[in-house]
2 protein chains.
Amino acid sequence: MQKTKEYLLKYGIRPSVQRMAVMHYLLTHRTHPTVDEIYSDLHGDMPTLSKTTLYNTLKLFYEKNVTLMLTIDEQNARFDACVEPHAHFQCEVCGKVYDIMADELPELNGVYRKQVGDLMISDVQLNYRGVCPICQKKETITNQ
Amino acid sequence: MQKTKEYLLKYGIRPSVQRMAVMHYLLTHRTHPTVDEIYSDLHGDMPTLSKTTLYNTLKLFYEKNVTLMLTIDEQNARFDACVEPHAHFQCEVCGKVYDIMADELPELNGVYRKQVGDLMISDVQLNYRGVCPICQKKETITNQ
DNA sequence: ATCAAATTTGTAATTATTACAAAATGTTTG
DNA sequence: CAAACATTTTGTAATAATTACAAATTTGAT
């Protein structure tokens with residue numbers, strides 16, 4: 001937890017109890033959770049945590065570039081403590097979001113740029129959609 | 001309008017009056033409009049058009065691959081009749097969405113793939129965010 | 001023209017997110 | 001340490017996009 005505190009301070013964020021809990025959660029759950037998922041999971045240890053605080057906190061993290069805010073899912077924003085350039089894949093069946101790193105997609109680094117033509121870039125998101133191998137398998141069995 | 005009808009038929013969509021109006025709108029307005037924008041613009045000529053029909057129609061178009069449904073904007077879905085591989089840029093200030101074609105971003109074609117690793121891809125979206133040149137100019141003037 | 005199927009419509013429900021003001025907590029200064 | 005001030009959190013209520021649903025309308029085939 002001391003590490004989480006230093007992590008926040010390094011990004012210029014005052015480490016309140018709530019902020020540390022959220023940051024720690026994101027650092028230890030690399031599942032691209034939604035606001036509701038974070039809320040449900042933290043609620044056990046922090047019954048007083050409010051949704052508004054969560055929204056405020058996640059927005060702050062995003063503005064200070066501590067986390068990413070993914071728009072791959074039309075229904076909910078999703079959050080990611082990994083700020084390295086990487087793409088995402090969402091399964092249309094189970095909804096799970098997978099990471100795609102540069103070793104699987106060599107062109108990836110080329111699209112993560114500061115500038116394209118005369119446009120200055122502050123955020124890049126590369127989103128893939130499809131059916132993940134697990135759900136493909138299940139569908140094959142069902143359709144027999 | 002006859003062309004729009006054939007366009008829909010080509011994609012296996014029955015050309016009702018409403019569907020033709022929406023398709024024609026998208027073919028002649030390459031501005032990545034939201035549902036509300038389409039609704040407002042069509043409402044003059046079609047006062048009975050309902051939002052539900054719009055949502056149904058746009059979902060159908062998306063499923064039949066006649067149009068793209070963009071998730072670049074967190075607030076609203078946006079629609080695009082250009083189904084060629086291309087990226088998008090949204091200005092954080094004015095909200096306008098620009099196209100980025102392969103000539104401006106040579107790596108673009110490389111990320112539009114049918115497969116990445118063992119993942120089968122059905123949809124790719126490459127979204128950039130930043131401040132567009134027009135808004136940058138305005139901000140410079142304001143901050144003097 | 002009739003009938004069945006497909007489509008459209010309006011209303012109501014759902015759900016994610018934001019606004020806001022009061023309460024709580026943390027920080028600074030005398 | 002205590003008073004004064006700033007920041008953060010909280011709960012509730014408002015907003016806004018999207019979906020559910022059943023009745024009404026339109027379409028296409030016979």
# chains A, B, ... in the order shown; residues from 1 in each chain; ligands from 1
>>> interface_residues(of="chain B", to="chain D", cutoff="9 Å", atoms="only C-alpha atoms (C1' of nucleotides)", output="ChimeraX atom specification")
/B:16,52,55,75-76
>>> write_last_selection(atoms="C-alpha atoms", output="PDB file, in the first residue's frame")
ATOM      1  CA  SER B  16     -38.799   1.149 -46.438  1.00  0.00           C
ATOM      2  CA  THR B  52     -36.985   4.020 -31.866  1.00  0.00           C
ATOM      3  CA  TYR B  55     -32.180   3.230 -33.401  1.00  0.00           C
ATOM      4  CA  GLN B  75     -21.575  10.339 -25.021  1.00  0.00           C
ATOM      5  CA  ASN B  76     -23.252   9.197 -28.246  1.00  0.00           C
TER       6      ASN B  76
END
>>> interface_residues(of="chain A", to="chain C", cutoff="12 Å", atoms="only C-alpha atoms (C1' of nucleotides)", output="list in words")
Arg14, Pro15, Ser16, Val17, Gln18, Thr34, Val35, Asp36, Thr48, Lys51, Thr52, Thr53, Leu54, Tyr55, Asn56, Lys59, Glu74, Gln75, Asn76 and Ala77 of chain A
>>> select_by_dssp(residues="chain A", states="strand (DSSP E)", output="PyMOL selection string")
chain A and resi 68-70+78-80+87-91+97-100+115-116+119-131
>>> closest_atom_pairs(of="chain B", to="chain A", cutoff="12 Å", atoms="only C-alpha atoms", output="JSON lines")
{"residue": "B:Met69", "atom": "CA", "partner": "A:Glu74", "partner_atom": "CA", "distance": 10.1}
{"residue": "B:Leu70", "atom": "CA", "partner": "A:Glu74", "partner_atom": "CA", "distance": 9.3}
{"residue": "B:Thr71", "atom": "CA", "partner": "A:Glu74", "partner_atom": "CA", "distance": 6.4}
{"residue": "B:Ile72", "atom": "CA", "partner": "A:Thr71", "partner_atom": "CA", "distance": 6.8}
{"residue": "B:Asp73", "atom": "CA", "partner": "A:Thr71", "partner_atom": "CA", "distance": 7.8}
{"residue": "B:Glu74", "atom": "CA", "partner": "A:Thr71", "partner_atom": "CA", "distance": 6.4}
{"residue": "B:Gln75", "atom": "CA", "partner": "A:Glu74", "partner_atom": "CA", "distance": 9.3}
{"residue": "B:Asn76", "atom": "CA", "partner": "A:Glu74", "partner_atom": "CA", "distance": 8.9}
{"residue": "B:Ala77", "atom": "CA", "partner": "A:Glu74", "partner_atom": "CA", "distance": 7.9}
{"residue": "B:Arg78", "atom": "CA", "partner": "A:Glu74", "partner_atom": "CA", "distance": 11.1}
{"residue": "B:His86", "atom": "CA", "partner": "A:Leu126", "partner_atom": "CA", "distance": 11.9}
{"residue": "B:Ala87", "atom": "CA", "partner": "A:Leu126", "partner_atom": "CA", "distance": 9.4}
{"residue": "B:His88", "atom": "CA", "partner": "A:Val124", "partner_atom": "CA", "distance": 10.0}
{"residue": "B:Phe89", "atom": "CA", "partner": "A:Leu119", "partner_atom": "CA", "distance": 8.3}
{"residue": "B:Gln90", "atom": "CA", "partner": "A:Ile121", "partner_atom": "CA", "distance": 9.7}
{"residue": "B:Cys91", "atom": "CA", "partner": "A:Leu119", "partner_atom": "CA", "distance": 9.4}
{"residue": "B:Glu92", "atom": "CA", "partner": "A:Ser122", "partner_atom": "CA", "distance": 9.5}
{"residue": "B:Val97", "atom": "CA", "partner": "A:Leu119", "partner_atom": "CA", "distance": 11.9}
{"residue": "B:Tyr98", "atom": "CA", "partner": "A:Leu119", "partner_atom": "CA", "distance": 9.9}
{"residue": "B:Asp99", "atom": "CA", "partner": "A:Leu119", "partner_atom": "CA", "distance": 11.1}
{"residue": "B:Ile100", "atom": "CA", "partner": "A:Val116", "partner_atom": "CA", "distance": 8.4}
{"residue": "B:Met101", "atom": "CA", "partner": "A:Val116", "partner_atom": "CA", "distance": 10.4}
{"residue": "B:Ala102", "atom": "CA", "partner": "A:Val116", "partner_atom": "CA", "distance": 10.9}
{"residue": "B:Asp103", "atom": "CA", "partner": "A:Gly117", "partner_atom": "CA", "distance": 9.7}
{"residue": "B:Glu104", "atom": "CA", "partner": "A:Gly117", "partner_atom": "CA", "distance": 6.1}
{"residue": "B:Leu105", "atom": "CA", "partner": "A:Val116", "partner_atom": "CA", "distance": 6.9}
{"residue": "B:Pro106", "atom": "CA", "partner": "A:Gly110", "partner_atom": "CA", "distance": 8.7}
{"residue": "B:Glu107", "atom": "CA", "partner": "A:Gly110", "partner_atom": "CA", "distance": 6.1}
{"residue": "B:Leu108", "atom": "CA", "partner": "A:Val111", "partner_atom": "CA", "distance": 7.2}
{"residue": "B:Asn109", "atom": "CA", "partner": "A:Glu107", "partner_atom": "CA", "distance": 9.2}
{"residue": "B:Gly110", "atom": "CA", "partner": "A:Glu107", "partner_atom": "CA", "distance": 6.1}
{"residue": "B:Val111", "atom": "CA", "partner": "A:Glu107", "partner_atom": "CA", "distance": 6.4}
{"residue": "B:Tyr112", "atom": "CA", "partner": "A:Tyr128", "partner_atom": "CA", "distance": 9.2}
{"residue": "B:Arg113", "atom": "CA", "partner": "A:Tyr128", "partner_atom": "CA", "distance": 9.4}
{"residue": "B:Lys114", "atom": "CA", "partner": "A:Gly130", "partner_atom": "CA", "distance": 9.6}
{"residue": "B:Gln115", "atom": "CA", "partner": "A:Gly130", "partner_atom": "CA", "distance": 9.5}
{"residue": "B:Val116", "atom": "CA", "partner": "A:Glu104", "partner_atom": "CA", "distance": 6.8}
{"residue": "B:Gly117", "atom": "CA", "partner": "A:Glu104", "partner_atom": "CA", "distance": 6.1}
{"residue": "B:Asp118", "atom": "CA", "partner": "A:Pro133", "partner_atom": "CA", "distance": 7.3}
{"residue": "B:Leu119", "atom": "CA", "partner": "A:Cys132", "partner_atom": "CA", "distance": 6.2}
{"residue": "B:Met120", "atom": "CA", "partner": "A:Gly130", "partner_atom": "CA", "distance": 6.0}
{"residue": "B:Ile121", "atom": "CA", "partner": "A:Gly130", "partner_atom": "CA", "distance": 4.8}
{"residue": "B:Ser122", "atom": "CA", "partner": "A:Gly130", "partner_atom": "CA", "distance": 4.9}
{"residue": "B:Asp123", "atom": "CA", "partner": "A:Arg129", "partner_atom": "CA", "distance": 5.0}
{"residue": "B:Val124", "atom": "CA", "partner": "A:Tyr128", "partner_atom": "CA", "distance": 4.6}
{"residue": "B:Gln125", "atom": "CA", "partner": "A:Asn127", "partner_atom": "CA", "distance": 5.1}
{"residue": "B:Leu126", "atom": "CA", "partner": "A:Leu126", "partner_atom": "CA", "distance": 4.5}
{"residue": "B:Asn127", "atom": "CA", "partner": "A:Gln125", "partner_atom": "CA", "distance": 5.1}
{"residue": "B:Tyr128", "atom": "CA", "partner": "A:Val124", "partner_atom": "CA", "distance": 4.7}
{"residue": "B:Arg129", "atom": "CA", "partner": "A:Asp123", "partner_atom": "CA", "distance": 5.0}
{"residue": "B:Gly130", "atom": "CA", "partner": "A:Ile121", "partner_atom": "CA", "distance": 4.8}
{"residue": "B:Val131", "atom": "CA", "partner": "A:Met120", "partner_atom": "CA", "distance": 6.7}
{"residue": "B:Cys132", "atom": "CA", "partner": "A:Leu119", "partner_atom": "CA", "distance": 6.2}
{"residue": "B:Pro133", "atom": "CA", "partner": "A:Leu119", "partner_atom": "CA", "distance": 6.8}
{"residue": "B:Ile134", "atom": "CA", "partner": "A:Leu119", "partner_atom": "CA", "distance": 10.3}
{"residue": "B:Cys135", "atom": "CA", "partner": "A:Leu119", "partner_atom": "CA", "distance": 11.1}
{"residue": "B:Gln136", "atom": "CA", "partner": "A:Met120", "partner_atom": "CA", "distance": 9.6}
>>> select_by_dssp(residues="chain B", states="alpha helix (DSSP H)", output="VMD selection string")
chain B and resid 2 to 10 17 to 28 35 to 43 51 to 63 108 to 111 133 to 142
>>> atom_distance(atom1="CA of Asn65 (chain B)", atom2="CA of Tyr25 (chain B)")
16.6 Å
>>> atom_distance(atom1="CA of His32 (chain A)", atom2="CA of Cys82 (chain A)")
9.5 Å
